[in-house]
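**Q** Pasting upload35.csv below, which is CSV, C-alpha atoms.
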```csv
chain,number,residue,atom,x,y,z
Y,1,MET,CA,107.8,-95.4,84.5
Y,2,LEU,CA,108.1,-97.6,81.4
Y,3,LYS,CA,106.0,-95.1,79.4
Y,4,LYS,CA,108.7,-92.5,79.9
Y,5,LEU,CA,111.5,-94.7,78.6
Y,6,PRO,CA,112.7,-94.0,75.0
Y,7,LEU,CA,112.0,-96.6,72.3
Y,8,TRP,CA,115.6,-97.9,72.2
Y,9,ALA,CA,115.5,-98.5,75.9
Y,10,LYS,CA,112.3,-100.5,75.7
Y,11,ILE,CA,113.7,-102.5,72.8
Y,12,PHE,CA,116.9,-103.2,74.7
Y,13,ILE,CA,114.9,-104.4,77.8
Y,14,GLY,CA,112.8,-106.6,75.5
Y,15,MET,CA,116.0,-108.1,74.0
Y,16,GLY,CA,117.5,-108.8,77.4
Y,17,LEU,CA,114.3,-110.3,78.8
Y,18,GLY,CA,113.9,-112.4,75.6
Y,19,ILE,CA,117.4,-113.9,76.0
Y,20,LEU,CA,116.7,-114.6,79.7
Y,21,PHE,CA,113.4,-116.2,78.9
Y,22,GLY,CA,115.0,-118.3,76.1
Y,23,LEU,CA,117.6,-119.6,78.5
Y,24,ILE,CA,115.0,-120.4,81.1
Y,25,SER,CA,112.9,-122.2,78.5
Y,26,VAL,CA,115.9,-124.4,77.6
Y,27,TRP,CA,116.6,-125.1,81.2
Y,28,LEU,CA,113.0,-126.0,82.1
Y,29,GLU,CA,112.4,-127.8,78.7
Y,30,TRP,CA,109.8,-125.3,77.6
Y,31,GLU,CA,111.1,-125.3,74.0
Y,32,THR,CA,107.7,-126.4,72.6
Y,33,PHE,CA,105.8,-123.8,74.5
Y,34,THR,CA,108.3,-121.0,73.3
Y,35,THR,CA,108.1,-122.2,69.7
Y,36,ASN,CA,104.3,-122.5,69.6
Y,37,TRP,CA,103.2,-119.5,71.8
Y,38,VAL,CA,106.1,-117.0,72.0
Y,39,LYS,CA,107.8,-117.2,68.6
Y,40,PRO,CA,104.7,-116.3,66.6
Y,41,TRP,CA,104.6,-112.8,68.2
Y,42,GLY,CA,108.0,-112.2,66.8
Y,43,THR,CA,107.0,-113.5,63.4
Y,44,ILE,CA,103.9,-111.1,63.5
Y,45,PHE,CA,106.1,-108.2,64.3
Y,46,LEU,CA,108.5,-109.0,61.5
Y,47,LYS,CA,105.7,-109.4,59.0
Y,48,LEU,CA,104.2,-106.1,60.0
Y,49,LEU,CA,107.5,-104.4,59.3
Y,50,LYS,CA,107.9,-106.1,56.0
Y,51,LEU,CA,104.3,-105.3,55.2
Y,52,ILE,CA,104.9,-101.6,55.4
Y,53,ALA,CA,108.3,-101.7,53.7
Y,54,VAL,CA,107.2,-101.6,50.1
Y,55,PRO,CA,104.6,-98.8,50.6
Y,56,LEU,CA,107.1,-96.8,52.7
Y,57,ILE,CA,109.9,-97.1,50.1
Y,58,PHE,CA,107.6,-96.2,47.1
Y,59,VAL,CA,105.8,-93.3,48.7
Y,60,SER,CA,108.9,-91.8,50.4
Y,61,LEU,CA,110.8,-91.9,47.1
Y,62,VAL,CA,108.0,-90.3,45.2
Y,63,LYS,CA,107.5,-87.7,47.8
Y,64,GLY,CA,111.2,-87.0,48.2
Y,65,ILE,CA,112.1,-86.8,44.5
Y,66,SER,CA,108.9,-84.9,43.4
Y,67,SER,CA,109.7,-82.2,46.0
Y,68,LEU,CA,112.9,-81.4,44.0
Y,69,THR,CA,112.2,-78.5,41.6
Y,70,ASP,CA,115.4,-79.0,39.6
Y,71,ILE,CA,115.8,-82.5,38.1
Y,72,THR,CA,119.6,-82.0,37.8
Y,73,LYS,CA,119.8,-81.9,41.6
Y,74,LEU,CA,118.5,-85.5,41.6
Y,75,SER,CA,121.4,-86.6,39.3
Y,76,ARG,CA,124.0,-84.9,41.6
Y,77,ILE,CA,122.5,-86.6,44.7
Y,78,GLY,CA,122.2,-89.9,42.9
Y,79,TYR,CA,125.8,-89.8,41.6
Y,80,LYS,CA,127.3,-89.0,45.1
Y,81,THR,CA,125.1,-91.6,46.7
Y,82,ILE,CA,126.1,-94.4,44.3
Y,83,VAL,CA,129.8,-93.6,44.5
Y,84,ILE,CA,129.8,-93.6,48.4
Y,85,TYR,CA,127.7,-96.8,48.4
Y,86,LEU,CA,130.2,-98.6,46.1
Y,87,ILE,CA,133.2,-97.5,48.2
Y,88,THR,CA,131.7,-98.6,51.5
Y,89,THR,CA,130.5,-101.9,50.1
Y,90,VAL,CA,134.0,-102.8,48.8
Y,91,PHE,CA,135.5,-101.8,52.1
Y,92,ALA,CA,133.0,-103.9,54.1
Y,93,THR,CA,133.6,-106.9,51.9
Y,94,THR,CA,137.4,-106.5,52.2
Y,95,VAL,CA,137.1,-106.3,56.0
Y,96,GLY,CA,135.0,-109.5,56.0
Y,97,LEU,CA,137.5,-111.4,54.0
Y,98,ALA,CA,140.4,-110.2,56.2
Y,99,MET,CA,138.6,-111.3,59.4
Y,100,VAL,CA,137.6,-114.8,58.1
Y,101,ASN,CA,141.1,-115.5,57.0
Y,102,ILE,CA,142.6,-114.3,60.3
Y,103,PHE,CA,140.2,-116.2,62.6
Y,104,LYS,CA,139.3,-119.2,60.4
Y,105,PRO,CA,136.0,-120.0,62.1
Y,106,GLY,CA,135.3,-122.9,59.8
Y,107,ASP,CA,138.3,-124.8,61.1
Y,108,VAL,CA,136.6,-125.1,64.6
Y,109,PHE,CA,134.4,-127.9,63.3
Y,110,PRO,CA,135.8,-131.4,64.2
Y,111,ASP,CA,136.9,-133.5,61.3
Y,112,GLU,CA,134.1,-136.0,61.8
Y,113,LYS,CA,131.5,-133.2,61.7
Y,114,GLN,CA,133.1,-131.8,58.4
Y,115,GLU,CA,132.8,-135.3,56.9
Y,116,GLN,CA,129.1,-135.5,58.1
Y,117,TYR,CA,128.2,-132.2,56.5
Y,118,ARG,CA,130.0,-133.1,53.2
Y,119,GLU,CA,127.8,-136.3,53.0
Y,120,GLN,CA,124.6,-134.5,54.2
Y,121,PHE,CA,124.9,-131.3,52.1
Y,122,GLY,CA,127.1,-132.4,49.2
Y,123,GLY,CA,124.1,-132.7,46.9
Y,124,GLN,CA,123.0,-129.2,47.7
Y,125,VAL,CA,126.5,-127.9,46.9
Y,126,GLU,CA,126.3,-129.4,43.5
Y,127,ILE,CA,122.9,-127.8,42.9
Y,128,ARG,CA,124.3,-124.4,43.9
Y,129,GLN,CA,127.2,-124.9,41.6
Y,130,GLU,CA,124.9,-125.7,38.7
Y,131,SER,CA,122.9,-122.6,39.5
Y,132,ALA,CA,126.1,-120.5,39.6
Y,133,ARG,CA,127.1,-121.9,36.2
Y,134,GLU,CA,123.6,-121.0,34.8
Y,135,PHE,CA,124.0,-117.5,36.2
Y,136,GLU,CA,127.4,-117.1,34.5
Y,137,LYS,CA,125.6,-117.6,31.2
Y,138,GLN,CA,123.5,-114.5,31.7
Y,139,SER,CA,124.1,-111.3,29.8
Y,140,PRO,CA,126.5,-108.8,31.3
Y,141,LEU,CA,123.6,-106.4,31.4
Y,142,PHE,CA,121.4,-108.9,33.3
Y,143,PHE,CA,121.4,-106.5,36.3
Y,144,PHE,CA,119.7,-103.8,34.3
Y,145,GLU,CA,117.3,-106.3,32.7
Y,146,ASP,CA,116.3,-107.5,36.1
Y,147,MET,CA,115.9,-104.0,37.5
Y,148,ILE,CA,112.9,-103.2,35.2
Y,149,PRO,CA,109.7,-104.9,36.3
Y,150,GLU,CA,107.3,-106.5,33.8
Y,151,ASN,CA,104.4,-105.9,36.2
Y,152,PHE,CA,104.6,-103.3,39.0
Y,153,PHE,CA,102.0,-105.0,41.1
Y,154,ARG,CA,103.7,-108.4,40.9
Y,155,ALA,CA,107.0,-106.8,42.0
Y,156,ALA,CA,105.2,-104.9,44.8
Y,157,GLY,CA,104.1,-108.3,46.2
Y,158,ASP,CA,107.6,-109.6,46.5
Y,159,ASN,CA,110.0,-107.9,49.0
Y,160,SER,CA,113.0,-109.4,47.1
Y,161,LYS,CA,112.1,-107.2,44.1
Y,162,MET,CA,112.7,-104.0,45.9
Y,163,LEU,CA,115.1,-102.7,43.2
Y,164,GLN,CA,112.2,-102.9,40.7
Y,165,ILE,CA,110.0,-100.9,43.0
Y,166,ILE,CA,112.7,-98.2,43.4
Y,167,PHE,CA,113.2,-98.1,39.6
Y,168,PHE,CA,109.5,-97.5,39.0
Y,169,ALA,CA,109.3,-95.0,41.9
Y,170,ILE,CA,112.2,-92.9,40.4
Y,171,LEU,CA,110.7,-93.1,36.9
Y,172,PHE,CA,107.3,-92.0,38.2
Y,173,SER,CA,108.8,-89.2,40.3
Y,174,ILE,CA,110.9,-87.8,37.4
Y,175,ALA,CA,107.7,-87.7,35.2
Y,176,LEU,CA,105.9,-86.0,38.1
Y,177,VAL,CA,108.6,-83.3,38.2
Y,178,LEU,CA,108.7,-82.8,34.4
Y,179,VAL,CA,104.9,-82.4,34.1
Y,180,PRO,CA,103.8,-78.7,34.8
Y,181,GLY,CA,103.0,-78.2,38.5
Y,182,ASP,CA,99.4,-77.1,38.1
Y,183,LYS,CA,98.5,-80.5,36.5
Y,184,THR,CA,100.3,-82.6,39.1
Y,185,GLN,CA,99.7,-80.7,42.4
Y,186,VAL,CA,96.8,-83.0,43.3
Y,187,VAL,CA,99.0,-86.0,42.9
Y,188,LYS,CA,101.8,-84.5,45.0
Y,189,ASP,CA,99.2,-83.6,47.7
Y,190,PHE,CA,98.0,-87.2,47.6
Y,191,PHE,CA,101.5,-88.6,48.2
Y,192,ASP,CA,102.1,-86.1,51.0
Y,193,GLY,CA,99.0,-87.2,52.8
Y,194,LEU,CA,99.7,-90.9,52.1
Y,195,ASN,CA,103.2,-90.5,53.5
Y,196,GLU,CA,101.9,-89.1,56.8
Y,197,VAL,CA,99.5,-92.1,57.0
Y,198,ILE,CA,102.3,-94.6,56.4
Y,199,LEU,CA,104.5,-92.9,59.0
Y,200,LYS,CA,101.7,-93.1,61.5
Y,201,ILE,CA,101.3,-96.9,60.7
Y,202,VAL,CA,105.1,-97.2,61.4
Y,203,ASP,CA,104.7,-95.5,64.7
Y,204,LEU,CA,101.9,-97.8,65.7
Y,205,ILE,CA,103.9,-100.9,64.7
Y,206,MET,CA,107.0,-99.7,66.6
Y,207,ARG,CA,104.9,-99.5,69.8
Y,208,PHE,CA,104.8,-103.3,69.5
Y,209,ALA,CA,108.6,-103.5,69.0
Y,210,PRO,CA,109.6,-104.5,72.6
Y,211,ILE,CA,107.2,-107.4,72.6
Y,212,GLY,CA,108.2,-108.5,69.1
Y,213,VAL,CA,111.9,-108.3,69.9
Y,214,PHE,CA,111.4,-110.2,73.2
Y,215,ALA,CA,109.7,-113.1,71.2
Y,216,LEU,CA,112.4,-113.1,68.5
Y,217,MET,CA,115.2,-113.3,70.9
Y,218,ALA,CA,113.6,-116.0,73.1
Y,219,ALA,CA,112.9,-118.1,70.0
Y,220,LEU,CA,116.5,-117.5,68.7
Y,221,VAL,CA,118.0,-118.9,72.0
Y,222,VAL,CA,115.8,-121.9,71.8
Y,223,ASP,CA,116.6,-122.6,68.2
Y,224,PHE,CA,120.3,-122.4,68.8
Y,225,SER,CA,120.3,-124.8,71.8
Y,226,GLY,CA,121.4,-128.3,71.2
Y,227,ASP,CA,124.6,-129.5,69.4
Y,228,ALA,CA,127.6,-128.1,71.3
Y,229,ASP,CA,129.9,-128.4,68.4
Y,230,ILE,CA,127.6,-126.5,66.1
Y,231,PHE,CA,127.1,-123.9,68.8
Y,232,THR,CA,130.8,-123.5,69.3
Y,233,ALA,CA,131.5,-123.1,65.6
Y,234,LEU,CA,128.7,-120.7,65.0
Y,235,GLY,CA,129.8,-118.8,68.1
Y,236,MET,CA,133.2,-118.4,66.5
Y,237,TYR,CA,131.6,-117.4,63.2
Y,238,MET,CA,129.4,-114.9,65.0
Y,239,LEU,CA,132.4,-113.4,66.8
Y,240,THR,CA,134.2,-113.0,63.5
Y,241,VAL,CA,131.2,-111.2,61.9
Y,242,ILE,CA,130.8,-109.0,65.0
Y,243,ILE,CA,134.5,-108.0,65.0
Y,244,GLY,CA,134.2,-107.1,61.3
Y,245,LEU,CA,131.1,-105.0,62.0
Y,246,PHE,CA,132.7,-103.2,64.8
Y,247,ILE,CA,135.6,-102.2,62.5
Y,248,LEU,CA,133.0,-100.7,60.2
Y,249,ILE,CA,131.1,-99.0,63.0
Y,250,LEU,CA,134.1,-97.7,65.0
Y,251,GLY,CA,136.4,-97.1,62.0
Y,252,LEU,CA,134.8,-96.4,58.7
Y,253,TYR,CA,131.6,-94.7,59.8
Y,254,PRO,CA,133.2,-92.2,62.3
Y,255,LEU,CA,135.6,-91.2,59.6
Y,256,MET,CA,132.7,-90.6,57.2
Y,257,MET,CA,130.7,-88.8,59.8
Y,258,ARG,CA,133.6,-86.4,60.4
Y,259,LEU,CA,134.6,-85.9,56.8
Y,260,PHE,CA,131.1,-85.5,55.2
Y,261,ALA,CA,128.7,-84.5,58.0
Y,262,GLY,CA,130.7,-83.1,60.9
Y,263,TYR,CA,128.9,-85.4,63.4
Y,264,ARG,CA,130.5,-86.8,66.5
Y,265,ILE,CA,130.3,-90.6,66.5
Y,266,THR,CA,128.6,-90.6,70.0
Y,267,ALA,CA,125.8,-88.4,68.8
Y,268,PHE,CA,125.4,-90.4,65.6
Y,269,MET,CA,125.3,-93.8,67.5
Y,270,LYS,CA,122.8,-92.5,70.1
Y,271,ALA,CA,120.5,-91.2,67.4
Y,272,ILE,CA,120.6,-94.4,65.3
Y,273,LEU,CA,120.5,-96.9,68.2
Y,274,PRO,CA,116.8,-97.8,67.9
Y,275,ALA,CA,117.4,-98.7,64.2
Y,276,GLN,CA,120.5,-100.8,65.2
Y,277,LEU,CA,118.5,-102.7,67.8
Y,278,VAL,CA,115.7,-103.5,65.4
Y,279,ALA,CA,118.2,-104.5,62.7
Y,280,PHE,CA,119.9,-106.8,65.2
Y,281,THR,CA,116.8,-108.6,66.2
Y,282,THR,CA,115.0,-108.8,62.8
Y,283,SER,CA,118.0,-109.3,60.5
Y,284,SER,CA,116.1,-107.3,57.8
Y,285,SER,CA,117.1,-104.0,56.3
Y,286,ALA,CA,113.7,-103.5,54.8
Y,287,ALA,CA,112.0,-104.1,58.1
Y,288,THR,CA,114.4,-101.6,59.8
Y,289,LEU,CA,113.8,-98.9,57.2
Y,290,PRO,CA,110.8,-97.3,58.9
Y,291,VAL,CA,112.8,-96.8,62.1
Y,292,THR,CA,115.9,-95.6,60.3
Y,293,MET,CA,114.0,-93.0,58.4
Y,294,LYS,CA,112.3,-91.7,61.6
Y,295,GLN,CA,115.6,-91.4,63.5
Y,296,VAL,CA,117.6,-89.9,60.6
Y,297,THR,CA,115.1,-87.1,60.0
Y,298,ASN,CA,114.0,-86.5,63.6
Y,299,GLU,CA,117.3,-87.0,65.5
Y,300,LEU,CA,120.1,-86.2,62.9
Y,301,GLY,CA,118.3,-83.4,61.1
Y,302,VAL,CA,118.7,-84.9,57.6
Y,303,SER,CA,116.2,-83.2,55.2
Y,304,LYS,CA,113.3,-85.4,54.3
Y,305,PRO,CA,113.8,-85.2,50.5
Y,306,ILE,CA,117.4,-86.5,50.9
Y,307,ALA,CA,116.4,-89.2,53.4
Y,308,ASN,CA,113.5,-90.3,51.3
Y,309,PHE,CA,115.8,-90.9,48.3
Y,310,VAL,CA,119.0,-92.1,49.9
Y,311,LEU,CA,117.7,-94.6,52.5
Y,312,PRO,CA,115.3,-96.7,50.4
Y,313,VAL,CA,118.0,-97.0,47.7
Y,314,GLY,CA,120.6,-97.9,50.4
Y,315,VAL,CA,118.3,-100.6,51.8
Y,316,THR,CA,118.5,-102.3,48.4
Y,317,ILE,CA,122.1,-101.8,47.1
Y,318,ASN,CA,124.1,-100.7,50.1
Y,319,MET,CA,124.0,-103.2,52.9
Y,320,ASP,CA,127.5,-103.0,54.2
Y,321,GLY,CA,126.8,-105.4,57.1
Y,322,THR,CA,125.4,-107.9,54.7
Y,323,SER,CA,128.4,-107.6,52.4
Y,324,CYS,CA,130.8,-108.1,55.3
Y,325,TYR,CA,128.7,-111.1,56.5
Y,326,GLN,CA,128.4,-112.7,53.1
Y,327,ALA,CA,132.2,-112.5,52.5
Y,328,ILE,CA,132.7,-114.2,55.9
Y,329,ALA,CA,129.9,-116.8,55.3
Y,330,ALA,CA,131.3,-117.8,51.8
Y,331,VAL,CA,134.8,-118.5,53.1
Y,332,PHE,CA,133.4,-120.0,56.4
Y,333,ILE,CA,131.4,-122.6,54.4
Y,334,ALA,CA,134.4,-123.3,52.2
Y,335,GLN,CA,136.5,-123.9,55.4
Y,336,VAL,CA,133.8,-126.3,56.8
Y,337,PHE,CA,133.8,-128.3,53.6
Y,338,GLY,CA,137.6,-128.3,53.4
Y,339,ILE,CA,137.8,-126.1,50.3
Y,340,ASP,CA,140.8,-123.8,50.0
Y,341,LEU,CA,139.8,-120.6,48.1
Y,342,THR,CA,142.5,-118.9,46.2
Y,343,LEU,CA,143.2,-115.1,46.4
Y,344,ILE,CA,141.5,-114.7,42.9
Y,345,GLN,CA,138.4,-116.6,44.1
Y,346,GLN,CA,138.2,-114.4,47.2
Y,347,LEU,CA,138.6,-111.2,45.2
Y,348,THR,CA,135.7,-112.5,43.1
Y,349,ILE,CA,133.6,-112.3,46.3
Y,350,VAL,CA,134.5,-108.6,46.6
Y,351,LEU,CA,133.3,-108.0,43.0
Y,352,THR,CA,130.0,-109.9,43.4
Y,353,ALA,CA,129.1,-108.6,46.9
```
Show me the file's structure as structure tokens.

**A**
Amino acid sequence: MLKKLPLWAKIFIGMGLGILFGLISVWLEWETFTTNWVKPWGTIFLKLLKLIAVPLIFVSLVKGISSLTDITKLSRIGYKTIVIYLITTVFATTVGLAMVNIFKPGDVFPDEKQEQYREQFGGQVEIRQESAREFEKQSPLFFFEDMIPENFFRAAGDNSKMLQIIFFAILFSIALVLVPGDKTQVVKDFFDGLNEVILKIVDLIMRFAPIGVFALMAALVVDFSGDADIFTALGMYMLTVIIGLFILILGLYPLMMRLFAGYRITAFMKAILPAQLVAFTTSSSAATLPVTMKQVTNELGVSKPIANFVLPVGVTINMDGTSCYQAIAAVFIAQVFGIDLTLIQQLTIVLTA
């Protein structure tokens, strides 16, 4: 019977059983067992997803862009993509700031806890402030400097350098399009075959997803057990983030689906649910990318060239949920430390998100 269930249902069951097992572990004091014998399976699953992220992004971008016969089409797609990404990111950050100022989750901490954290983490705050001052000294074009890798293979070994991978993939793909087809056909065929192999690896990894999600959720429950004050404050913080995300999911995205794609939100949410569940449990856009690409092309009917370009770029520069969460986190931490951020300082968060 379980074999007939769709992937999202298996992941959802794994999530539920993981939470239940985590609660039982706390109740029966199995925390050490869960940490040593259950959590590693979640870590393995997460590492497998991150392992395939760089090859998937590079190969899918090359395959998608090189399939375009007209290079001007790439510029049109790129322009529309960047504009939409900027608009949604600003909207997401604004929603996050609105939510954290309305609910004020940082004020839930008792005064004695706030004082304890000031003493405990005050030194780290000063280090962060010094790092921020050093960053301010960077050139206004630092973003573009950092986007170009000195060594492709070194960048490929670091998932945080994804933008550098994307830059080289786009550069390589444009050159592939500009060179006469008879000289590059063997290269295109190679990437077509490699793309199929990588997608098969993704499929094999996702068969392990329910077990990985089970382990991640069980470990998460165990890790969060303990201090009631922290749990309450983090619960309020999580609620604030969730409300902000729901505004994006039920407000912004349905509007965009209607205006630009003509999709009903119910059909869209059903198609993208497996990716949402993986994102929820792994907290990684790069790790979720394989599932997102599979669902978008197979369930929503998006052409592979478009998906192969837009999604890898979006994973790097258009994480609306992260923008919303970071805005809330920045003000939340300020509230915990008793720092009142001015409107100008909060608007700076919008610009830097």

**Q** Hey, which bits of range 24-120 of chain Y sit within 8 Å of range 235-255 of chain Y, and for each residue what's the closest pair of atoms and how far apart in Å (one decimal), counting all atoms listed in the file, rows by chain and increasing number, as a Markdown table?

**A**
```
| residue | atom | partner | partner_atom | distance |
| --- | --- | --- | --- | --- |
| Y:Ala92 | CA | Y:Leu248 | CA | 6.9 |
| Y:Val95 | CA | Y:Gly244 | CA | 6.1 |
| Y:Gly96 | CA | Y:Gly244 | CA | 5.9 |
| Y:Met99 | CA | Y:Thr240 | CA | 6.2 |
| Y:Val100 | CA | Y:Thr240 | CA | 6.6 |
| Y:Phe103 | CA | Y:Thr240 | CA | 6.9 |
| Y:Pro105 | CA | Y:Tyr237 | CA | 5.2 |
| Y:Gly106 | CA | Y:Tyr237 | CA | 7.4 |
| Y:Val108 | CA | Y:Met236 | CA | 7.7 |
```

**Q** Do you have the CA of Leu347 in chain Y-CA of Thr94 in chain Y distance handy?

**A** 8.5 Å

**Q** Show me, as a PyMOL selection string, the residues that have an atom within 12 Å of range 309-314 of chain Y when counting all atoms listed in the file, minus same-chain residues fewer than 6 positions from it.

**A** chain Y and resi 53-68+73-75+77-86+88-89+162-167+169-170+173+285-297+302-303+320-322

**Q** Choose the residue, out of Y:Ala334, Y:Asp192, Y:Leu141, Y:Pro149, that has the smallest atom-to-atom separation from Lys304 in chain Y; count all atoms listed in the file.

**A**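 Between Y:Ala334, Y:Asp192, Y:Leu141, Y:Pro149, the residue approaching Lys304 in chain Y most closely is Y:Asp192.
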
**Q** Take the point (119.1, -99.4, 72.5) as written in the file and pick out every residue within 8 Å of it, counting all atoms listed in the file; give the list as a list in words.

**A** Leu7, Trp8, Ala9, Lys10, Ile11, Phe12, Leu273, Pro274, Gln276 and Leu277 of chain Y

**Q** Which value, in Å to one decimal, gives the distance between CA of Leu23 in chain Y and CA of Ser225 in chain Y?

**A**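 Value for the CA of Leu23 in chain Y-CA of Ser225 in chain Y distance: 8.9 Å.
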
**Q** Of the residues Y:Gly157, Y:Gly18, Y:Gly262, Y:Pro180, which is the one nearest to Gly212 in chain Y, using only C-alpha atoms?

**A**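 Of Y:Gly157, Y:Gly18, Y:Gly262, Y:Pro180, the one nearest Gly212 in chain Y, counting only C-alpha atoms, is Y:Gly18.
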
**Q** Measure the distance from CA of Val336 in chain Y to CA of Ser323 in chain Y in Å and round it to one decimal.

**A**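 Separation between CA of Val336 in chain Y and CA of Ser323 in chain Y: 20.0 Å.
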
**Q** Could you check the closest approach to Gly22 in chain Y for each of Y:Ile328, Y:Ala215, Y:Val278, Y:Ile265 and tell me which residue wins, using all atoms listed in the file?

**A** Y:Ala215

**Q** Let me make sure I understand: among Y:Leu300, Y:Val331, Y:Val315, Y:Ala307, which one has the smallest atom-to-atom distance to Ile102 in chain Y if we use all atoms listed in the file?

**A**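 Residue with the minimum atom-to-atom distance to Ile102 in chain Y: Y:Val331.
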
**Q** With only C-alpha atoms as the basis for distance, which of Y:Ala327, Y:Val179, Y:Val213, Y:Met269 is at the shortest distance from Gln346 in chain Y?

**A**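 Selected residue with least distance to Gln346 in chain Y: Y:Ala327.
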
**Q** Would you mind telling me which residue in Y:Phe172, Y:Trp41, Y:Phe21, Y:Phe144 lies nearest to Ala218 in chain Y when using all atoms listed in the file?

**A**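 Looking at the shortest contact to Ala218 in chain Y, the residue is Y:Phe21.
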